[in-house]
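Here's protein.cif, which has mmCIF, N, CA, C and O atoms:
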```cif
data_protein
loop_
_atom_site.label_atom_id
_atom_site.label_comp_id
_atom_site.auth_asym_id
_atom_site.auth_seq_id
_atom_site.Cartn_x
_atom_site.Cartn_y
_atom_site.Cartn_z
N MET A 127 32.05 -50.78 -9.93
CA MET A 127 32.16 -49.46 -9.40
C MET A 127 31.89 -48.42 -10.50
O MET A 127 31.24 -47.42 -10.23
N VAL A 128 32.42 -48.65 -11.66
CA VAL A 128 32.20 -47.74 -12.78
C VAL A 128 30.71 -47.69 -13.11
O VAL A 128 30.16 -46.63 -13.37
N LEU A 129 30.05 -48.86 -13.06
CA LEU A 129 28.62 -48.92 -13.34
C LEU A 129 27.81 -48.08 -12.34
O LEU A 129 26.88 -47.39 -12.72
N ALA A 130 28.18 -48.10 -11.08
CA ALA A 130 27.49 -47.32 -10.06
C ALA A 130 27.66 -45.82 -10.34
O ALA A 130 26.72 -45.04 -10.19
N GLY A 131 28.82 -45.40 -10.76
CA GLY A 131 29.08 -43.99 -11.08
C GLY A 131 28.25 -43.54 -12.27
O GLY A 131 27.70 -42.44 -12.28
N VAL A 132 28.15 -44.38 -13.30
CA VAL A 132 27.37 -44.04 -14.49
C VAL A 132 25.89 -43.91 -14.12
O VAL A 132 25.21 -42.99 -14.57
N LEU A 133 25.39 -44.84 -13.30
CA LEU A 133 23.99 -44.78 -12.88
C LEU A 133 23.71 -43.52 -12.06
O LEU A 133 22.67 -42.89 -12.23
N ALA A 134 24.63 -43.14 -11.19
CA ALA A 134 24.44 -41.95 -10.36
C ALA A 134 24.40 -40.70 -11.23
O ALA A 134 23.58 -39.81 -11.03
N LEU A 135 25.29 -40.60 -12.21
CA LEU A 135 25.32 -39.45 -13.10
C LEU A 135 24.07 -39.38 -13.96
O LEU A 135 23.52 -38.31 -14.18
N SER A 136 23.60 -40.51 -14.44
CA SER A 136 22.42 -40.50 -15.29
C SER A 136 21.17 -40.11 -14.48
O SER A 136 20.27 -39.46 -14.99
N ALA A 137 21.13 -40.48 -13.21
CA ALA A 137 20.00 -40.10 -12.35
C ALA A 137 19.99 -38.59 -12.13
O ALA A 137 18.93 -37.95 -12.12
N CYS A 138 21.15 -37.99 -11.96
CA CYS A 138 21.22 -36.53 -11.76
C CYS A 138 20.77 -35.80 -13.02
O CYS A 138 20.07 -34.81 -12.94
N GLY A 139 21.14 -36.29 -14.17
CA GLY A 139 20.76 -35.66 -15.43
C GLY A 139 19.26 -35.71 -15.64
O GLY A 139 18.67 -34.76 -16.11
N ASP A 140 18.61 -36.80 -15.29
CA ASP A 140 17.17 -36.93 -15.47
C ASP A 140 16.41 -35.94 -14.59
O ASP A 140 15.42 -35.37 -15.03
N ALA A 141 16.86 -35.73 -13.39
CA ALA A 141 16.15 -34.85 -12.47
C ALA A 141 16.13 -33.41 -12.98
O ALA A 141 15.12 -32.72 -12.89
N SER A 142 17.23 -32.96 -13.55
CA SER A 142 17.27 -31.57 -14.01
C SER A 142 16.45 -31.38 -15.29
O SER A 142 15.96 -30.31 -15.54
N GLU A 143 16.29 -32.42 -16.08
CA GLU A 143 15.53 -32.31 -17.32
C GLU A 143 14.02 -32.36 -17.07
O GLU A 143 13.26 -31.77 -17.82
N THR A 144 13.57 -33.05 -16.03
CA THR A 144 12.14 -33.22 -15.82
C THR A 144 11.50 -32.12 -14.98
O THR A 144 10.31 -32.00 -14.94
N SER A 145 12.29 -31.30 -14.30
CA SER A 145 11.69 -30.25 -13.49
C SER A 145 12.31 -28.89 -13.82
O SER A 145 13.14 -28.40 -13.08
N PRO A 146 11.89 -28.30 -14.94
CA PRO A 146 12.44 -27.00 -15.29
C PRO A 146 11.93 -25.92 -14.31
O PRO A 146 10.83 -26.02 -13.78
N ALA A 147 12.75 -24.93 -14.07
CA ALA A 147 12.37 -23.86 -13.15
C ALA A 147 11.32 -22.97 -13.79
O ALA A 147 11.44 -22.58 -14.94
N LYS A 148 10.27 -22.68 -13.03
CA LYS A 148 9.22 -21.80 -13.53
C LYS A 148 9.42 -20.42 -12.93
O LYS A 148 9.72 -20.30 -11.74
N PRO A 149 9.24 -19.36 -13.71
CA PRO A 149 9.36 -18.01 -13.14
C PRO A 149 8.20 -17.75 -12.18
O PRO A 149 7.10 -18.26 -12.35
N ALA A 150 8.48 -16.96 -11.16
CA ALA A 150 7.46 -16.62 -10.18
C ALA A 150 6.37 -15.76 -10.83
O ALA A 150 6.67 -14.85 -11.58
N ALA A 151 5.13 -16.07 -10.55
CA ALA A 151 4.01 -15.31 -11.11
C ALA A 151 3.86 -13.99 -10.34
O ALA A 151 3.99 -13.95 -9.13
N VAL A 152 3.58 -12.93 -11.04
CA VAL A 152 3.36 -11.62 -10.43
C VAL A 152 1.87 -11.34 -10.47
O VAL A 152 1.25 -11.39 -11.53
N GLU A 153 1.30 -11.05 -9.30
CA GLU A 153 -0.13 -10.76 -9.22
C GLU A 153 -0.38 -9.29 -9.50
O GLU A 153 0.27 -8.43 -8.92
N ALA A 154 -1.32 -9.01 -10.36
CA ALA A 154 -1.68 -7.63 -10.66
C ALA A 154 -2.56 -7.08 -9.53
O ALA A 154 -3.44 -7.77 -9.04
N MET A 155 -2.28 -5.86 -9.13
CA MET A 155 -3.09 -5.21 -8.10
C MET A 155 -4.34 -4.63 -8.75
O MET A 155 -4.24 -3.99 -9.79
N PRO A 156 -5.49 -4.84 -8.15
CA PRO A 156 -6.72 -4.28 -8.74
C PRO A 156 -6.71 -2.75 -8.63
O PRO A 156 -6.20 -2.19 -7.67
N SER A 157 -7.31 -2.09 -9.61
CA SER A 157 -7.38 -0.64 -9.61
C SER A 157 -8.36 -0.17 -8.54
O SER A 157 -9.39 -0.78 -8.31
N THR A 158 -8.03 0.96 -7.92
CA THR A 158 -8.91 1.52 -6.90
C THR A 158 -9.67 2.74 -7.44
O THR A 158 -10.39 3.40 -6.70
N GLU A 159 -9.54 3.01 -8.73
CA GLU A 159 -10.20 4.17 -9.35
C GLU A 159 -11.70 4.19 -9.12
O GLU A 159 -12.29 5.23 -8.88
N ALA A 160 -12.37 3.05 -9.22
CA ALA A 160 -13.83 2.99 -9.12
C ALA A 160 -14.35 3.01 -7.68
O ALA A 160 -15.55 3.16 -7.47
N LEU A 161 -13.46 2.89 -6.70
CA LEU A 161 -13.90 2.88 -5.31
C LEU A 161 -14.31 4.28 -4.86
O LEU A 161 -13.75 5.28 -5.31
N PRO A 162 -15.30 4.38 -3.96
CA PRO A 162 -15.71 5.71 -3.48
C PRO A 162 -14.60 6.33 -2.62
O PRO A 162 -13.88 5.63 -1.91
N ALA A 163 -14.49 7.66 -2.70
CA ALA A 163 -13.52 8.40 -1.89
C ALA A 163 -14.26 9.09 -0.75
O ALA A 163 -15.38 9.59 -0.94
N TYR A 164 -13.65 9.10 0.42
CA TYR A 164 -14.24 9.71 1.61
C TYR A 164 -13.38 10.88 2.07
O TYR A 164 -12.15 10.80 2.03
N ASP A 165 -14.02 11.96 2.50
CA ASP A 165 -13.31 13.15 2.98
C ASP A 165 -13.07 13.05 4.48
O ASP A 165 -13.92 12.57 5.22
N ALA A 166 -11.91 13.56 4.90
CA ALA A 166 -11.58 13.62 6.32
C ALA A 166 -10.53 14.70 6.53
O ALA A 166 -10.02 15.27 5.56
N GLN A 167 -10.23 14.97 7.78
CA GLN A 167 -9.16 15.91 8.10
C GLN A 167 -8.39 15.38 9.29
O GLN A 167 -8.90 14.57 10.06
N GLY A 168 -7.15 15.85 9.41
CA GLY A 168 -6.35 15.38 10.52
C GLY A 168 -4.99 16.04 10.57
O GLY A 168 -4.77 17.09 9.95
N VAL A 169 -4.09 15.41 11.30
CA VAL A 169 -2.73 15.90 11.49
C VAL A 169 -1.77 14.77 11.15
O VAL A 169 -1.98 13.63 11.58
N ILE A 170 -0.73 15.09 10.39
CA ILE A 170 0.26 14.07 10.02
C ILE A 170 1.08 13.69 11.26
O ILE A 170 1.66 14.56 11.91
N ALA A 171 1.11 12.41 11.57
CA ALA A 171 1.92 11.91 12.68
C ALA A 171 3.30 11.49 12.18
O ALA A 171 4.31 11.81 12.79
N SER A 172 3.33 10.79 11.04
CA SER A 172 4.62 10.36 10.48
C SER A 172 4.45 9.87 9.05
O SER A 172 3.34 9.57 8.61
N LEU A 173 5.56 9.82 8.33
CA LEU A 173 5.61 9.25 6.99
C LEU A 173 6.81 8.33 6.94
O LEU A 173 7.94 8.75 7.20
N ASP A 174 6.57 7.07 6.64
CA ASP A 174 7.63 6.07 6.55
C ASP A 174 7.48 5.35 5.23
O ASP A 174 6.65 4.44 5.11
N GLY A 175 8.24 5.78 4.22
CA GLY A 175 8.11 5.21 2.89
C GLY A 175 6.76 5.56 2.30
O GLY A 175 6.45 6.73 2.13
N GLN A 176 5.95 4.55 2.01
CA GLN A 176 4.61 4.78 1.46
C GLN A 176 3.53 4.70 2.53
O GLN A 176 2.35 4.69 2.22
N ILE A 177 3.92 4.65 3.79
CA ILE A 177 2.95 4.56 4.88
C ILE A 177 2.86 5.90 5.61
O ILE A 177 3.82 6.36 6.22
N LEU A 178 1.69 6.52 5.50
CA LEU A 178 1.41 7.80 6.14
C LEU A 178 0.54 7.53 7.36
O LEU A 178 -0.53 6.93 7.24
N THR A 179 1.00 7.95 8.53
CA THR A 179 0.21 7.79 9.75
C THR A 179 -0.45 9.12 10.06
O THR A 179 0.23 10.16 10.13
N LEU A 180 -1.76 9.09 10.20
CA LEU A 180 -2.55 10.30 10.44
C LEU A 180 -3.37 10.17 11.71
O LEU A 180 -3.98 9.11 11.96
N ASP A 181 -3.40 11.24 12.50
CA ASP A 181 -4.37 11.39 13.58
C ASP A 181 -5.53 12.14 12.95
O ASP A 181 -5.35 13.26 12.47
N HIS A 182 -6.71 11.52 12.89
CA HIS A 182 -7.80 12.08 12.10
C HIS A 182 -9.12 12.14 12.87
O HIS A 182 -9.26 11.50 13.91
N ASP A 183 -10.04 12.92 12.29
CA ASP A 183 -11.37 13.09 12.90
C ASP A 183 -12.34 11.97 12.52
O ASP A 183 -13.48 11.99 12.96
N GLY A 184 -11.93 11.06 11.66
CA GLY A 184 -12.80 9.97 11.24
C GLY A 184 -13.66 10.34 10.05
O GLY A 184 -13.65 11.48 9.57
N ALA A 185 -14.39 9.38 9.55
CA ALA A 185 -15.31 9.58 8.43
C ALA A 185 -16.46 8.60 8.63
O ALA A 185 -16.33 7.40 8.36
N SER A 186 -17.58 9.11 9.12
CA SER A 186 -18.71 8.23 9.44
C SER A 186 -19.24 7.50 8.21
O SER A 186 -19.67 6.35 8.30
N ALA A 187 -19.20 8.14 7.03
CA ALA A 187 -19.70 7.50 5.82
C ALA A 187 -18.88 6.25 5.47
O ALA A 187 -19.39 5.32 4.86
N ALA A 188 -17.61 6.23 5.87
CA ALA A 188 -16.74 5.09 5.59
C ALA A 188 -16.68 4.12 6.77
O ALA A 188 -16.05 3.07 6.68
N GLY A 189 -17.31 4.50 7.87
CA GLY A 189 -17.23 3.65 9.06
C GLY A 189 -15.89 3.74 9.76
O GLY A 189 -15.49 2.85 10.49
N LEU A 190 -15.16 4.85 9.54
CA LEU A 190 -13.84 5.05 10.14
C LEU A 190 -13.98 5.94 11.36
O LEU A 190 -14.38 7.09 11.26
N LYS A 191 -13.67 5.38 12.52
CA LYS A 191 -13.77 6.13 13.77
C LYS A 191 -12.57 7.06 13.93
O LYS A 191 -11.49 6.76 13.42
N PRO A 192 -12.75 8.18 14.64
CA PRO A 192 -11.61 9.07 14.89
C PRO A 192 -10.48 8.33 15.60
O PRO A 192 -10.72 7.44 16.41
N GLY A 193 -9.26 8.70 15.26
CA GLY A 193 -8.11 8.06 15.90
C GLY A 193 -6.87 8.17 15.04
O GLY A 193 -6.73 9.07 14.22
N ARG A 194 -5.97 7.22 15.20
CA ARG A 194 -4.72 7.18 14.44
C ARG A 194 -4.75 5.93 13.57
O ARG A 194 -4.97 4.83 14.06
N ASP A 195 -4.53 6.14 12.28
CA ASP A 195 -4.50 5.02 11.34
C ASP A 195 -3.35 5.20 10.36
O ASP A 195 -2.88 6.31 10.13
N LYS A 196 -2.95 4.08 9.78
CA LYS A 196 -1.92 4.07 8.74
C LYS A 196 -2.61 3.98 7.39
O LYS A 196 -3.51 3.18 7.21
N PHE A 197 -2.15 4.80 6.45
CA PHE A 197 -2.70 4.86 5.11
C PHE A 197 -1.57 4.65 4.11
O PHE A 197 -0.47 5.18 4.31
N LYS A 198 -1.83 3.94 3.04
CA LYS A 198 -0.87 3.84 1.95
C LYS A 198 -1.00 5.11 1.13
O LYS A 198 -2.10 5.59 0.88
N VAL A 199 0.13 5.69 0.72
CA VAL A 199 0.12 6.93 -0.04
C VAL A 199 1.20 6.83 -1.12
O VAL A 199 2.26 6.27 -0.90
N TYR A 200 0.88 7.36 -2.29
CA TYR A 200 1.80 7.29 -3.43
C TYR A 200 2.45 8.64 -3.68
O TYR A 200 1.95 9.68 -3.24
N ALA A 201 3.56 8.64 -4.41
CA ALA A 201 4.37 9.84 -4.65
C ALA A 201 3.58 10.97 -5.29
O ALA A 201 3.78 12.13 -4.95
N ASP A 202 2.68 10.66 -6.23
CA ASP A 202 1.92 11.73 -6.89
C ASP A 202 1.04 12.49 -5.90
O ASP A 202 0.84 13.69 -6.02
N VAL A 203 0.53 11.83 -4.89
CA VAL A 203 -0.28 12.49 -3.86
C VAL A 203 0.62 13.31 -2.94
O VAL A 203 0.31 14.44 -2.59
N LEU A 204 1.77 12.76 -2.56
CA LEU A 204 2.68 13.45 -1.66
C LEU A 204 3.28 14.70 -2.29
O LEU A 204 3.60 15.66 -1.58
N ALA A 205 3.44 14.71 -3.60
CA ALA A 205 4.05 15.86 -4.28
C ALA A 205 3.21 17.12 -4.12
O ALA A 205 3.73 18.22 -4.22
N GLU A 206 1.94 16.98 -3.85
CA GLU A 206 1.02 18.11 -3.75
C GLU A 206 0.77 18.57 -2.32
O GLU A 206 -0.03 19.48 -2.11
N ALA A 207 1.40 17.95 -1.32
CA ALA A 207 0.97 18.20 0.05
C ALA A 207 2.12 18.44 1.01
O ALA A 207 3.25 18.04 0.75
N PRO A 208 1.81 19.05 2.17
CA PRO A 208 2.81 19.17 3.24
C PRO A 208 2.98 17.80 3.89
O PRO A 208 1.99 17.15 4.20
N ILE A 209 4.20 17.36 4.06
CA ILE A 209 4.40 16.03 4.63
C ILE A 209 5.23 16.05 5.91
O ILE A 209 5.84 15.06 6.27
N THR A 210 5.24 17.17 6.59
CA THR A 210 6.00 17.23 7.83
C THR A 210 5.10 16.83 9.00
O THR A 210 3.91 17.17 9.02
N PRO A 211 5.63 16.11 9.96
CA PRO A 211 4.83 15.75 11.14
C PRO A 211 4.28 17.01 11.80
O PRO A 211 4.96 18.03 11.91
N GLY A 212 3.03 16.96 12.18
CA GLY A 212 2.35 18.09 12.81
C GLY A 212 1.56 18.94 11.83
O GLY A 212 0.77 19.79 12.25
N ALA A 213 1.75 18.73 10.52
CA ALA A 213 1.01 19.51 9.53
C ALA A 213 -0.46 19.12 9.56
O ALA A 213 -0.81 17.95 9.59
N ARG A 214 -1.32 20.13 9.55
CA ARG A 214 -2.78 19.91 9.52
C ARG A 214 -3.20 19.76 8.06
O ARG A 214 -2.84 20.58 7.22
N VAL A 215 -3.97 18.71 7.77
CA VAL A 215 -4.32 18.39 6.39
C VAL A 215 -5.79 18.03 6.23
O VAL A 215 -6.44 17.61 7.18
N LYS A 216 -6.28 18.21 5.01
CA LYS A 216 -7.55 17.65 4.56
C LYS A 216 -7.14 16.53 3.62
O LYS A 216 -6.16 16.66 2.88
N PHE A 217 -7.87 15.44 3.64
CA PHE A 217 -7.51 14.34 2.74
C PHE A 217 -8.74 13.56 2.31
O PHE A 217 -9.80 13.63 2.93
N GLN A 218 -8.57 12.85 1.20
CA GLN A 218 -9.57 11.89 0.74
C GLN A 218 -8.89 10.53 0.79
O GLN A 218 -7.69 10.41 0.50
N PHE A 219 -9.66 9.52 1.13
CA PHE A 219 -9.11 8.17 1.16
C PHE A 219 -10.12 7.18 0.60
O PHE A 219 -11.30 7.48 0.47
N LYS A 220 -9.60 6.02 0.26
CA LYS A 220 -10.42 4.92 -0.25
C LYS A 220 -10.15 3.69 0.60
O LYS A 220 -9.05 3.52 1.12
N LYS A 221 -11.18 2.87 0.73
CA LYS A 221 -11.02 1.60 1.43
C LYS A 221 -10.71 0.54 0.38
O LYS A 221 -11.60 -0.05 -0.21
N ALA A 222 -9.42 0.34 0.11
CA ALA A 222 -8.96 -0.62 -0.90
C ALA A 222 -8.89 -2.02 -0.29
O ALA A 222 -8.85 -2.16 0.93
N PRO A 223 -8.84 -3.06 -1.13
CA PRO A 223 -8.72 -4.42 -0.61
C PRO A 223 -7.47 -4.62 0.24
O PRO A 223 -7.45 -5.46 1.13
N THR A 224 -6.43 -3.82 -0.01
CA THR A 224 -5.18 -3.95 0.74
C THR A 224 -5.10 -3.03 1.94
O THR A 224 -4.11 -3.01 2.64
N GLY A 225 -6.14 -2.22 2.18
CA GLY A 225 -6.16 -1.32 3.33
C GLY A 225 -6.57 0.08 2.93
O GLY A 225 -7.05 0.32 1.82
N LEU A 226 -6.38 1.03 3.82
CA LEU A 226 -6.75 2.42 3.57
C LEU A 226 -5.70 3.07 2.67
O LEU A 226 -4.51 2.88 2.86
N GLU A 227 -6.17 3.87 1.71
CA GLU A 227 -5.29 4.47 0.72
C GLU A 227 -5.67 5.94 0.52
O GLU A 227 -6.81 6.25 0.20
N VAL A 228 -4.70 6.85 0.71
CA VAL A 228 -4.95 8.28 0.51
C VAL A 228 -4.95 8.57 -0.98
O VAL A 228 -4.02 8.22 -1.70
N SER A 229 -6.01 9.25 -1.45
CA SER A 229 -6.09 9.60 -2.87
C SER A 229 -5.91 11.10 -3.10
O SER A 229 -5.67 11.54 -4.21
N LYS A 230 -6.03 11.90 -2.03
CA LYS A 230 -5.83 13.35 -2.13
C LYS A 230 -5.39 13.86 -0.77
O LYS A 230 -5.91 13.42 0.26
N LEU A 231 -4.43 14.80 -0.77
CA LEU A 231 -3.90 15.34 0.47
C LEU A 231 -3.54 16.80 0.24
O LEU A 231 -2.85 17.12 -0.72
N GLU A 232 -4.05 17.69 1.10
CA GLU A 232 -3.75 19.11 0.93
C GLU A 232 -3.71 19.80 2.29
O GLU A 232 -4.30 19.29 3.26
N PRO A 233 -3.03 20.95 2.37
CA PRO A 233 -2.96 21.67 3.65
C PRO A 233 -4.33 22.17 4.08
O PRO A 233 -5.21 22.41 3.26
N ARG A 234 -4.48 22.31 5.38
CA ARG A 234 -5.76 22.76 5.95
C ARG A 234 -5.51 24.04 6.73
O ARG A 234 -4.54 24.14 7.47
N ASP A 235 -6.41 24.98 6.57
CA ASP A 235 -6.31 26.24 7.34
C ASP A 235 -6.92 26.05 8.72
O ASP A 235 -7.92 25.34 8.86
N GLY A 236 -6.35 26.72 9.69
CA GLY A 236 -6.94 26.76 11.04
C GLY A 236 -6.86 25.54 11.78
O GLY A 236 -7.10 24.60 12.10
#
```

Would it be possible to restate this file's structure as structure tokens?
Amino acid sequence: MVLAGVLALSACGDASETSPAKPAAVEAMPSTEALPAYDAQGVIASLDGQILTLDHDGASAAGLKPGRDKFKVYADVLAEAPITPGARVKFQFKKAPTGLEVSKLEPRDG
């Protein structure tokens, strides 16, 4: 019985020594600086965290039809713009690998 206990303990020790925990790899996001920016205008529908929903006129150069779309937006862009629902805005966006991304946002007259 003692021999069985020693064998069980030695088996547990071997398993922890042969499979060390590896830290999770973090993937770097590619820069969107070099991507072309497209101009559009629209009305803010909502802002939820970093997701800005816009009702927009579309951008034919980008192949974006008029309608409602969700755009990723960062704090530096939001700091310069009106972010209340119903605000009329002009904006620039990029078609990033992760989706549509607002790169400029400003109030629109009329």

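Selection check: the PyMOL selection byres ((chain A and resi 165) around 8) on the shown file gives Pro162, Ala163, Tyr164, Ala166, Gln167, Asp183, Gly184, Ala185, Ser186, Ala187, Ala188, Lys216, Phe217, Gln218, Phe219, Lys220 and Lys230 of chain A.
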
Item to complete: Tell me which protein, DNA and RNA residues are within 7 Å of Phe197 (chain A), counting only N, CA, C and O atoms, leaving out same-chain ones fewer than 3 positions away, and put them as a list of chain:residue names.
Response: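 Those residues are A:Gln176, A:Ile177, A:Leu178, A:Thr179, A:Leu180, A:Gly225, A:Leu226, A:Glu227, A:Val228.
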
Given the selection you just returned, output its residues as a file containing N, CA, C and O atoms, formatted as an mmCIF file, in the coordinates of the input.
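Just written: selection_23.cif:
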```cif
data_model
loop_
_atom_site.group_PDB
_atom_site.id
_atom_site.type_symbol
_atom_site.label_atom_id
_atom_site.label_comp_id
_atom_site.auth_asym_id
_atom_site.auth_seq_id
_atom_site.Cartn_x
_atom_site.Cartn_y
_atom_site.Cartn_z
ATOM 1 N N GLN A 176 5.950 4.550 2.010
ATOM 2 C CA GLN A 176 4.610 4.780 1.460
ATOM 3 C C GLN A 176 3.530 4.700 2.530
ATOM 4 O O GLN A 176 2.350 4.690 2.220
ATOM 5 N N ILE A 177 3.920 4.650 3.790
ATOM 6 C CA ILE A 177 2.950 4.560 4.880
ATOM 7 C C ILE A 177 2.860 5.900 5.610
ATOM 8 O O ILE A 177 3.820 6.360 6.220
ATOM 9 N N LEU A 178 1.690 6.520 5.500
ATOM 10 C CA LEU A 178 1.410 7.800 6.140
ATOM 11 C C LEU A 178 0.540 7.530 7.360
ATOM 12 O O LEU A 178 -0.530 6.930 7.240
ATOM 13 N N THR A 179 1.000 7.950 8.530
ATOM 14 C CA THR A 179 0.210 7.790 9.750
ATOM 15 C C THR A 179 -0.450 9.120 10.060
ATOM 16 O O THR A 179 0.230 10.160 10.130
ATOM 17 N N LEU A 180 -1.760 9.090 10.200
ATOM 18 C CA LEU A 180 -2.550 10.300 10.440
ATOM 19 C C LEU A 180 -3.370 10.170 11.710
ATOM 20 O O LEU A 180 -3.980 9.110 11.960
ATOM 21 N N GLY A 225 -6.140 -2.220 2.180
ATOM 22 C CA GLY A 225 -6.160 -1.320 3.330
ATOM 23 C C GLY A 225 -6.570 0.080 2.930
ATOM 24 O O GLY A 225 -7.050 0.320 1.820
ATOM 25 N N LEU A 226 -6.380 1.030 3.820
ATOM 26 C CA LEU A 226 -6.750 2.420 3.570
ATOM 27 C C LEU A 226 -5.700 3.070 2.670
ATOM 28 O O LEU A 226 -4.510 2.880 2.860
ATOM 29 N N GLU A 227 -6.170 3.870 1.710
ATOM 30 C CA GLU A 227 -5.290 4.470 0.720
ATOM 31 C C GLU A 227 -5.670 5.940 0.520
ATOM 32 O O GLU A 227 -6.810 6.250 0.200
ATOM 33 N N VAL A 228 -4.700 6.850 0.710
ATOM 34 C CA VAL A 228 -4.950 8.280 0.510
ATOM 35 C C VAL A 228 -4.950 8.570 -0.980
ATOM 36 O O VAL A 228 -4.020 8.220 -1.700
#
```

Discussion item. Using only N, CA, C and O atoms, can you tell me which of A:Leu190, A:Lys196, A:Val203, A:Pro211 comes closest to Glu232 (chain A)?
Written reply: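 Smallest distance to Glu232 (chain A) is found for A:Val203.
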
Item to complete: To one decimal in Å, tell me the separation between CA of Glu159 (chain A) and atom O of Gly212 (chain A).
Response: 28.8 Å

Pick out the residues sitting within 7 Å of Ala207 (chain A), and hand them over as a CSV table (one decimal) with N, CA, C and O atoms, in the frame of the given file; count only N, CA, C and O atoms, and ignore anything fewer than 5 positions along from it in its own chain.
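Saved file part-v1.csv follows:
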```
chain,number,residue,atom,x,y,z
A,202,ASP,N,2.7,10.7,-6.2
A,202,ASP,CA,1.9,11.7,-6.9
A,202,ASP,C,1.0,12.5,-5.9
A,202,ASP,O,0.8,13.7,-6.0
A,231,LEU,N,-4.4,14.8,-0.8
A,231,LEU,CA,-3.9,15.3,0.5
A,231,LEU,C,-3.5,16.8,0.2
A,231,LEU,O,-2.8,17.1,-0.7
A,232,GLU,N,-4.0,17.7,1.1
A,232,GLU,CA,-3.8,19.1,0.9
A,232,GLU,C,-3.7,19.8,2.3
A,232,GLU,O,-4.3,19.3,3.3
A,233,PRO,N,-3.0,21.0,2.4
A,233,PRO,CA,-3.0,21.7,3.6
A,233,PRO,C,-4.3,22.2,4.1
A,233,PRO,O,-5.2,22.4,3.3
```

Worksheet item: Which residue gives the smallest distance to Pro208 (chain A) among A:Ser229, A:Arg234, A:Arg194, A:Ala222, with all atoms listed in the file counted?
Response: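 Closest to Pro208 (chain A), using all atoms listed in the file: A:Arg234.
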
Fill in: Of the listed residues A:Ala160, A:Val169, A:Ile209, A:Leu204, that which approaches Pro192 (chain A) most closely, counting only C-alpha atoms
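Looking only at the distances to Pro192 (chain A), the closest residue turns out to be A:Val169.
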
Worksheet entry | Atom pair CA of Asp174 (chain A) / CA of Ala201 (chain A): separation (Å) |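 Pair CA of Asp174 (chain A) / CA of Ala201 (chain A) returns 12.3 Å.
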
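Taking atom O of Arg214 (chain A) as the reference point, atom O of Gly168 (chain A) is found at 4.8 Å.
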
Fill in: Sel. of strand (DSSP E) residues, region 148-229 of chain A, as JSON, numbers by chain
{"A": [164, 165, 166, 167, 168, 169, 170, 171, 172, 173, 174, 177, 178, 179, 180, 181, 182, 193, 194, 195, 196, 197, 198, 214, 215, 216, 217, 218, 219, 220, 221, 222, 225, 226, 227, 228, 229]}

Have region 215-219 of chain A completed to all heavy atoms, please, and pass it along as a PDB file, in the frame of the given file.
```pdb
ATOM      1  N   VAL A 215      -3.970  18.710   7.770  1.00  0.00           N
ATOM      2  CA  VAL A 215      -4.320  18.390   6.390  1.00  0.00           C
ATOM      3  C   VAL A 215      -5.790  18.030   6.230  1.00  0.00           C
ATOM      4  O   VAL A 215      -6.440  17.610   7.180  1.00  0.00           O
ATOM      5  CB  VAL A 215      -3.457  17.225   5.837  1.00  0.00           C
ATOM      6  CG1 VAL A 215      -2.002  17.624   5.743  1.00  0.00           C
ATOM      7  CG2 VAL A 215      -3.623  15.970   6.678  1.00  0.00           C
ATOM      8  N   LYS A 216      -6.280  18.210   5.010  1.00  0.00           N
ATOM      9  CA  LYS A 216      -7.550  17.650   4.560  1.00  0.00           C
ATOM     10  C   LYS A 216      -7.140  16.530   3.620  1.00  0.00           C
ATOM     11  O   LYS A 216      -6.160  16.660   2.880  1.00  0.00           O
ATOM     12  CB  LYS A 216      -8.372  18.678   3.775  1.00  0.00           C
ATOM     13  CG  LYS A 216      -8.829  19.861   4.582  1.00  0.00           C
ATOM     14  CD  LYS A 216      -9.747  20.760   3.789  1.00  0.00           C
ATOM     15  CE  LYS A 216      -8.991  21.472   2.682  1.00  0.00           C
ATOM     16  NZ  LYS A 216      -9.785  22.441   1.932  1.00  0.00           N
ATOM     17  N   PHE A 217      -7.870  15.440   3.640  1.00  0.00           N
ATOM     18  CA  PHE A 217      -7.510  14.340   2.740  1.00  0.00           C
ATOM     19  C   PHE A 217      -8.740  13.560   2.310  1.00  0.00           C
ATOM     20  O   PHE A 217      -9.800  13.630   2.930  1.00  0.00           O
ATOM     21  CB  PHE A 217      -6.463  13.423   3.383  1.00  0.00           C
ATOM     22  CG  PHE A 217      -6.921  12.686   4.623  1.00  0.00           C
ATOM     23  CD1 PHE A 217      -7.324  11.363   4.541  1.00  0.00           C
ATOM     24  CD2 PHE A 217      -6.920  13.305   5.865  1.00  0.00           C
ATOM     25  CE1 PHE A 217      -7.708  10.676   5.675  1.00  0.00           C
ATOM     26  CE2 PHE A 217      -7.315  12.630   7.011  1.00  0.00           C
ATOM     27  CZ  PHE A 217      -7.708  11.302   6.912  1.00  0.00           C
ATOM     28  N   GLN A 218      -8.570  12.850   1.200  1.00  0.00           N
ATOM     29  CA  GLN A 218      -9.570  11.890   0.740  1.00  0.00           C
ATOM     30  C   GLN A 218      -8.890  10.530   0.790  1.00  0.00           C
ATOM     31  O   GLN A 218      -7.690  10.410   0.500  1.00  0.00           O
ATOM     32  CB  GLN A 218     -10.007  12.174  -0.688  1.00  0.00           C
ATOM     33  CG  GLN A 218     -10.932  13.354  -0.803  1.00  0.00           C
ATOM     34  CD  GLN A 218     -11.444  13.541  -2.230  1.00  0.00           C
ATOM     35  OE1 GLN A 218     -10.888  13.008  -3.177  1.00  0.00           O
ATOM     36  NE2 GLN A 218     -12.503  14.301  -2.370  1.00  0.00           N
ATOM     37  N   PHE A 219      -9.660   9.520   1.130  1.00  0.00           N
ATOM     38  CA  PHE A 219      -9.110   8.170   1.160  1.00  0.00           C
ATOM     39  C   PHE A 219     -10.120   7.180   0.600  1.00  0.00           C
ATOM     40  O   PHE A 219     -11.300   7.480   0.470  1.00  0.00           O
ATOM     41  CB  PHE A 219      -8.694   7.784   2.588  1.00  0.00           C
ATOM     42  CG  PHE A 219      -9.860   7.591   3.531  1.00  0.00           C
ATOM     43  CD1 PHE A 219     -10.372   6.325   3.757  1.00  0.00           C
ATOM     44  CD2 PHE A 219     -10.434   8.676   4.175  1.00  0.00           C
ATOM     45  CE1 PHE A 219     -11.448   6.151   4.620  1.00  0.00           C
ATOM     46  CE2 PHE A 219     -11.514   8.511   5.045  1.00  0.00           C
ATOM     47  CZ  PHE A 219     -12.014   7.243   5.270  1.00  0.00           C
TER      48      PHE A 219
END
```
